[in-house]
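Chemist: Before I ask anything, here is the structure I am working with.
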Amino acid sequence: MTTETTPAPARELLSVAMVTLGCARNEVDSEELAGRLEAGGFLLVDDPEDADTVVVNTCGFVESAKKDSVDTLLEAAELKETGRTQAVVAVGCLAERYGKDLAESLPEADAVLGFDDYPDIAERLRSIVAGEVHHAHTPQDRRRLLPISPVERTLSTTPVPGHASGPASVRRRLDSGPTASLKLASGCDRRCSFCAIPAFRGSFVSRRPSDVLQEARWLAEQGAHELFLVSENSTSYGKDLGDLRLLETLLPELAAVDGVERVRVSYLQPAETRPGLIQAIASTPGVAPYFDLSFQHASADVLRRMRRFGDPESFLGLLEQVRALAPTAGVRSNVIVGFPGETEADLETLCDFLVAARLDVTGVFGYSDEDGTEAASYDAKLDDDEILARVEHVSTLVEELTSQRAIERIGETVDVLVERVDDDETEGRAAHQGPEVDGATYLVDSEARVGDLVRAVVVESDGADLYARAL
């Protein structure tokens, strides 16, 4: 006699939605977390309303970003009252920067996880859903977790988000588009007086070229045609690996990866942008002649108070070097106005520089104190109304200059990577346009598909946006 037994039903996987705020570096971190969660038995879903758990990868850069992060966490927490969501968890820069303070001030979030929790994210999340209490970390300066000497940092076991090796097992693409961010490094060794990022992101750590190349090949297999190289300071890449010129040798190898049409480098420090790197970015086939130069200001006096280097003459000289090699190169930057002690003359110096620089796009930010920074202790601070007025003044100028620069590109031949096709609109980006922040190029009467690289001639402009007809 035999007894038949009914197999136990398979356990339904817990579902998780990743919500990402902030920069492209955060996008890479989210995809690493998604890969770890999927490998740990979670089902990834796109819509937080369909998720048992919602993980919000927060931004902690400036006050507006912090507010967006808190608002997003509160919106996600409301799903616990109206839907299937059982837990909302904060990760990312805001969570790392404030730890237990954020947890105490935001009880709507079920847990606040720091970077040290990332390697065990699946275990952490499962225990939180089960009702276990997670005690958030006490924030600390992450620069103290790594050796002072850059060349000794490769031996450290301190978790660095986005640096795991073996991309197929630890990274899961959350966006199927033809552009993918690829992390070169994390952290920063600079001590800009207004910036808190090094304190919560840590000292500068390069990824090994073999890991970067391995992940590039994997991303190409996943459908990525443009690789967007990200870090806090790409010009420092390789210094902790014993070769400050490593990026110059890595770029041709990345551009040669099968399936990759274009490689783009982000976030260059002007004071560290050496001639060899300019040459590599401007002249290497398959590398976009694109220079994301973090000027921050042009007045030498303001830059010194910022703990930075430069002046209009050196910055314009740098741009002259770039355009001598690549006359149509894209150049973007960010500037801070209203810094403590900024005079009307300093502001005029900045505006004169922006006129002379002919940048494609410039982000304008008003100064605000950041916890733990040197500048927060400075005197000679401007009041909020004055800062706002200066932001509006510079923003108006930048808007006009951006439009003028786009008009100059009419008649120019551009290579457009198509990223979106609707019934009546084909949108992409030319080589001088970085993802999301530099405008777009719309193809006129095109039959191109997403992922195509289309050679076209610019026929019209609207602000930073271009309209081009395929050749």
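In the structure tokens, the first chain shown is A, the next is B, and so on; residue numbers restart at 1 for each chain, and ligands run from 1 in the order shown.
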Might you pull out every residue within 7 Å of region 432-444 of chain A, with only C-alpha atoms counted and same-chain residues fewer than 2 positions away left off, and present them as a PyMOL selection string?
Modeler: chain A and resi 289-290+329-330+361+426-430+446+464-470
Chemist: Skipping near chain neighbours, those fewer than 5 positions away, what residues fall within 12 Å of Gly259 (chain A) using only C-alpha atoms, listed as a ChimeraX atom specification?
Modeler: /A:178-179,216-227,254,286,451-453
Chemist: As a PDB file with N, CA, C and O atoms, in the first residue's frame, which residues of region 207-389 of chain A does DSSP assign to strand (DSSP E)?
Modeler:
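Result saved to selection.pdb:
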```
ATOM      1  N   GLU A 226      25.363  52.984 -24.352  1.00  0.00           N
ATOM      2  CA  GLU A 226      26.203  54.065 -23.842  1.00  0.00           C
ATOM      3  C   GLU A 226      26.516  53.797 -22.379  1.00  0.00           C
ATOM      4  O   GLU A 226      25.612  53.531 -21.582  1.00  0.00           O
ATOM      5  N   LEU A 227      27.794  53.873 -22.028  1.00  0.00           N
ATOM      6  CA  LEU A 227      28.234  53.707 -20.655  1.00  0.00           C
ATOM      7  C   LEU A 227      28.554  55.078 -20.085  1.00  0.00           C
ATOM      8  O   LEU A 227      29.367  55.818 -20.646  1.00  0.00           O
ATOM      9  N   PHE A 228      27.908  55.409 -18.984  1.00  0.00           N
ATOM     10  CA  PHE A 228      28.075  56.705 -18.327  1.00  0.00           C
ATOM     11  C   PHE A 228      28.931  56.482 -17.089  1.00  0.00           C
ATOM     12  O   PHE A 228      28.462  55.937 -16.079  1.00  0.00           O
ATOM     13  N   LEU A 229      30.203  56.850 -17.157  1.00  0.00           N
ATOM     14  CA  LEU A 229      31.149  56.589 -16.078  1.00  0.00           C
ATOM     15  C   LEU A 229      30.942  57.608 -14.965  1.00  0.00           C
ATOM     16  O   LEU A 229      31.057  58.816 -15.197  1.00  0.00           O
ATOM     17  N   VAL A 230      30.662  57.125 -13.759  1.00  0.00           N
ATOM     18  CA  VAL A 230      30.305  58.021 -12.657  1.00  0.00           C
ATOM     19  C   VAL A 230      31.221  57.799 -11.462  1.00  0.00           C
ATOM     20  O   VAL A 230      31.754  56.711 -11.242  1.00  0.00           O
ATOM     21  N   ARG A 262      29.111  54.184 -27.216  1.00  0.00           N
ATOM     22  CA  ARG A 262      29.641  55.448 -26.706  1.00  0.00           C
ATOM     23  C   ARG A 262      29.951  55.321 -25.216  1.00  0.00           C
ATOM     24  O   ARG A 262      29.190  54.715 -24.465  1.00  0.00           O
ATOM     25  N   VAL A 263      31.063  55.923 -24.815  1.00  0.00           N
ATOM     26  CA  VAL A 263      31.468  55.994 -23.413  1.00  0.00           C
ATOM     27  C   VAL A 263      31.537  57.463 -23.029  1.00  0.00           C
ATOM     28  O   VAL A 263      32.072  58.287 -23.771  1.00  0.00           O
ATOM     29  N   ARG A 264      30.982  57.797 -21.868  1.00  0.00           N
ATOM     30  CA  ARG A 264      30.930  59.190 -21.423  1.00  0.00           C
ATOM     31  C   ARG A 264      31.475  59.266 -19.992  1.00  0.00           C
ATOM     32  O   ARG A 264      31.107  58.479 -19.129  1.00  0.00           O
ATOM     33  N   VAL A 265      32.338  60.246 -19.746  1.00  0.00           N
ATOM     34  CA  VAL A 265      32.932  60.438 -18.420  1.00  0.00           C
ATOM     35  C   VAL A 265      32.230  61.606 -17.736  1.00  0.00           C
ATOM     36  O   VAL A 265      31.997  62.645 -18.340  1.00  0.00           O
ATOM     37  N   TYR A 290      33.071  65.034 -24.182  1.00  0.00           N
ATOM     38  CA  TYR A 290      32.124  65.617 -23.229  1.00  0.00           C
ATOM     39  C   TYR A 290      32.880  65.895 -21.945  1.00  0.00           C
ATOM     40  O   TYR A 290      33.527  64.995 -21.382  1.00  0.00           O
ATOM     41  N   PHE A 291      32.807  67.134 -21.467  1.00  0.00           N
ATOM     42  CA  PHE A 291      33.593  67.541 -20.306  1.00  0.00           C
ATOM     43  C   PHE A 291      32.666  68.120 -19.244  1.00  0.00           C
ATOM     44  O   PHE A 291      32.166  69.241 -19.374  1.00  0.00           O
ATOM     45  N   ASP A 292      32.445  67.338 -18.200  1.00  0.00           N
ATOM     46  CA  ASP A 292      31.610  67.721 -17.063  1.00  0.00           C
ATOM     47  C   ASP A 292      32.551  68.311 -16.014  1.00  0.00           C
ATOM     48  O   ASP A 292      33.063  67.600 -15.152  1.00  0.00           O
ATOM     49  N   GLY A 330      31.119  68.924 -25.921  1.00  0.00           N
ATOM     50  CA  GLY A 330      30.137  69.373 -24.946  1.00  0.00           C
ATOM     51  C   GLY A 330      30.818  69.718 -23.635  1.00  0.00           C
ATOM     52  O   GLY A 330      31.716  69.000 -23.187  1.00  0.00           O
ATOM     53  N   VAL A 331      30.410  70.840 -23.031  1.00  0.00           N
ATOM     54  CA  VAL A 331      30.960  71.239 -21.735  1.00  0.00           C
ATOM     55  C   VAL A 331      29.810  71.684 -20.841  1.00  0.00           C
ATOM     56  O   VAL A 331      29.006  72.529 -21.228  1.00  0.00           O
ATOM     57  N   ARG A 332      29.735  71.100 -19.666  1.00  0.00           N
ATOM     58  CA  ARG A 332      28.722  71.498 -18.682  1.00  0.00           C
ATOM     59  C   ARG A 332      29.414  71.765 -17.355  1.00  0.00           C
ATOM     60  O   ARG A 332      30.544  71.321 -17.124  1.00  0.00           O
ATOM     61  N   SER A 333      28.719  72.470 -16.459  1.00  0.00           N
ATOM     62  CA  SER A 333      29.285  72.728 -15.143  1.00  0.00           C
ATOM     63  C   SER A 333      28.180  73.065 -14.158  1.00  0.00           C
ATOM     64  O   SER A 333      26.999  73.176 -14.532  1.00  0.00           O
ATOM     65  N   ASN A 334      28.563  73.218 -12.907  1.00  0.00           N
ATOM     66  CA  ASN A 334      27.684  73.693 -11.837  1.00  0.00           C
ATOM     67  C   ASN A 334      28.361  74.858 -11.139  1.00  0.00           C
ATOM     68  O   ASN A 334      29.594  74.893 -11.027  1.00  0.00           O
ATOM     69  N   VAL A 335      27.558  75.802 -10.664  1.00  0.00           N
ATOM     70  CA  VAL A 335      28.108  76.914  -9.897  1.00  0.00           C
ATOM     71  C   VAL A 335      27.254  77.142  -8.652  1.00  0.00           C
ATOM     72  O   VAL A 335      26.052  76.858  -8.641  1.00  0.00           O
ATOM     73  N   ILE A 336      27.891  77.620  -7.604  1.00  0.00           N
ATOM     74  CA  ILE A 336      27.228  77.979  -6.350  1.00  0.00           C
ATOM     75  C   ILE A 336      27.294  79.495  -6.214  1.00  0.00           C
ATOM     76  O   ILE A 336      28.381  80.085  -6.296  1.00  0.00           O
ATOM     77  N   VAL A 337      26.153  80.135  -6.010  1.00  0.00           N
ATOM     78  CA  VAL A 337      26.132  81.582  -5.806  1.00  0.00           C
ATOM     79  C   VAL A 337      25.640  81.880  -4.386  1.00  0.00           C
ATOM     80  O   VAL A 337      24.939  81.079  -3.773  1.00  0.00           O
ATOM     81  N   VAL A 361      25.548  73.730 -20.827  1.00  0.00           N
ATOM     82  CA  VAL A 361      24.571  73.742 -19.736  1.00  0.00           C
ATOM     83  C   VAL A 361      25.294  74.089 -18.446  1.00  0.00           C
ATOM     84  O   VAL A 361      26.429  73.638 -18.222  1.00  0.00           O
ATOM     85  N   THR A 362      24.655  74.884 -17.599  1.00  0.00           N
ATOM     86  CA  THR A 362      25.219  75.217 -16.286  1.00  0.00           C
ATOM     87  C   THR A 362      24.134  75.078 -15.233  1.00  0.00           C
ATOM     88  O   THR A 362      23.073  75.694 -15.345  1.00  0.00           O
ATOM     89  N   GLY A 363      24.380  74.279 -14.216  1.00  0.00           N
ATOM     90  CA  GLY A 363      23.473  74.182 -13.085  1.00  0.00           C
ATOM     91  C   GLY A 363      23.796  75.280 -12.080  1.00  0.00           C
ATOM     92  O   GLY A 363      24.962  75.493 -11.747  1.00  0.00           O
ATOM     93  N   VAL A 364      22.782  75.987 -11.613  1.00  0.00           N
ATOM     94  CA  VAL A 364      22.982  77.105 -10.683  1.00  0.00           C
ATOM     95  C   VAL A 364      22.344  76.749  -9.344  1.00  0.00           C
ATOM     96  O   VAL A 364      21.150  76.442  -9.274  1.00  0.00           O
ATOM     97  N   PHE A 365      23.124  76.805  -8.289  1.00  0.00           N
ATOM     98  CA  PHE A 365      22.653  76.461  -6.954  1.00  0.00           C
ATOM     99  C   PHE A 365      22.924  77.607  -5.987  1.00  0.00           C
ATOM    100  O   PHE A 365      23.995  78.225  -6.030  1.00  0.00           O
ATOM    101  N   GLY A 366      21.970  77.864  -5.128  1.00  0.00           N
ATOM    102  CA  GLY A 366      22.175  78.839  -4.072  1.00  0.00           C
ATOM    103  C   GLY A 366      22.842  78.180  -2.877  1.00  0.00           C
ATOM    104  O   GLY A 366      22.518  77.044  -2.514  1.00  0.00           O
TER     105      GLY A 366
END
```
Chemist: Which polymer residues have any atom within 7 Å of an atom of region 393-399 of chain A, counting only C-alpha atoms, with same-chain residues fewer than 2 positions away left out, as a ChimeraX atom specification?
Modeler: /A:351,362,364,389-391,401-403
Chemist: Find the residue from A:Thr154, A:Gln86, A:Asn233, A:Thr20 that sits nearest to Leu247 (chain A); use only C-alpha atoms when measuring.
Modeler: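 Checking each candidate against Leu247 (chain A), we get A:Asn233 as the closest.
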Chemist: Choose the residue, out of A:Leu244, A:Leu316, A:Ala380, A:Ala76, that has the smallest atom-to-atom separation from Pro270 (chain A); count only C-alpha atoms.
Modeler: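 Between A:Leu244, A:Leu316, A:Ala380, A:Ala76, the residue approaching Pro270 (chain A) most closely is A:Leu316.
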Chemist: Running DSSP on the backbone, which parts of region 224-418 of chain A land in alpha helix (DSSP H), as a ChimeraX atom specification?
Modeler: /A:246-255,275-283,300-305,312-325,344-357,384-408
Chemist: Find the residues around Thr53 (chain A) up to 6 Å (only C-alpha atoms counted), leave out those fewer than 6 positions away in its own chain, and share them as an MDAnalysis selection string.
Modeler: chainID A and resid 16 85:88
Chemist: For those residues, write N, CA, C and O atoms to a file as an mmCIF file, in the first residue's frame.
Modeler:
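As written to disk, part-v6.cif reads:
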```
data_model
loop_
_atom_site.group_PDB
_atom_site.id
_atom_site.type_symbol
_atom_site.label_atom_id
_atom_site.label_comp_id
_atom_site.auth_asym_id
_atom_site.auth_seq_id
_atom_site.Cartn_x
_atom_site.Cartn_y
_atom_site.Cartn_z
ATOM 1 N N VAL A 16 9.626 43.392 -3.551
ATOM 2 C CA VAL A 16 10.284 44.613 -3.126
ATOM 3 C C VAL A 16 10.356 45.583 -4.304
ATOM 4 O O VAL A 16 10.600 45.167 -5.439
ATOM 5 N N THR A 85 1.776 46.857 1.253
ATOM 6 C CA THR A 85 3.105 47.140 1.786
ATOM 7 C C THR A 85 3.174 46.885 3.289
ATOM 8 O O THR A 85 2.334 47.360 4.056
ATOM 9 N N GLN A 86 4.196 46.138 3.691
ATOM 10 C CA GLN A 86 4.387 45.804 5.098
ATOM 11 C C GLN A 86 5.526 46.596 5.737
ATOM 12 O O GLN A 86 5.530 46.781 6.960
ATOM 13 N N ALA A 87 6.470 47.022 4.927
ATOM 14 C CA ALA A 87 7.620 47.719 5.508
ATOM 15 C C ALA A 87 8.199 48.713 4.509
ATOM 16 O O ALA A 87 8.244 48.454 3.304
ATOM 17 N N VAL A 88 8.650 49.851 5.035
ATOM 18 C CA VAL A 88 9.333 50.878 4.245
ATOM 19 C C VAL A 88 10.704 51.104 4.870
ATOM 20 O O VAL A 88 10.809 51.341 6.083
#
```
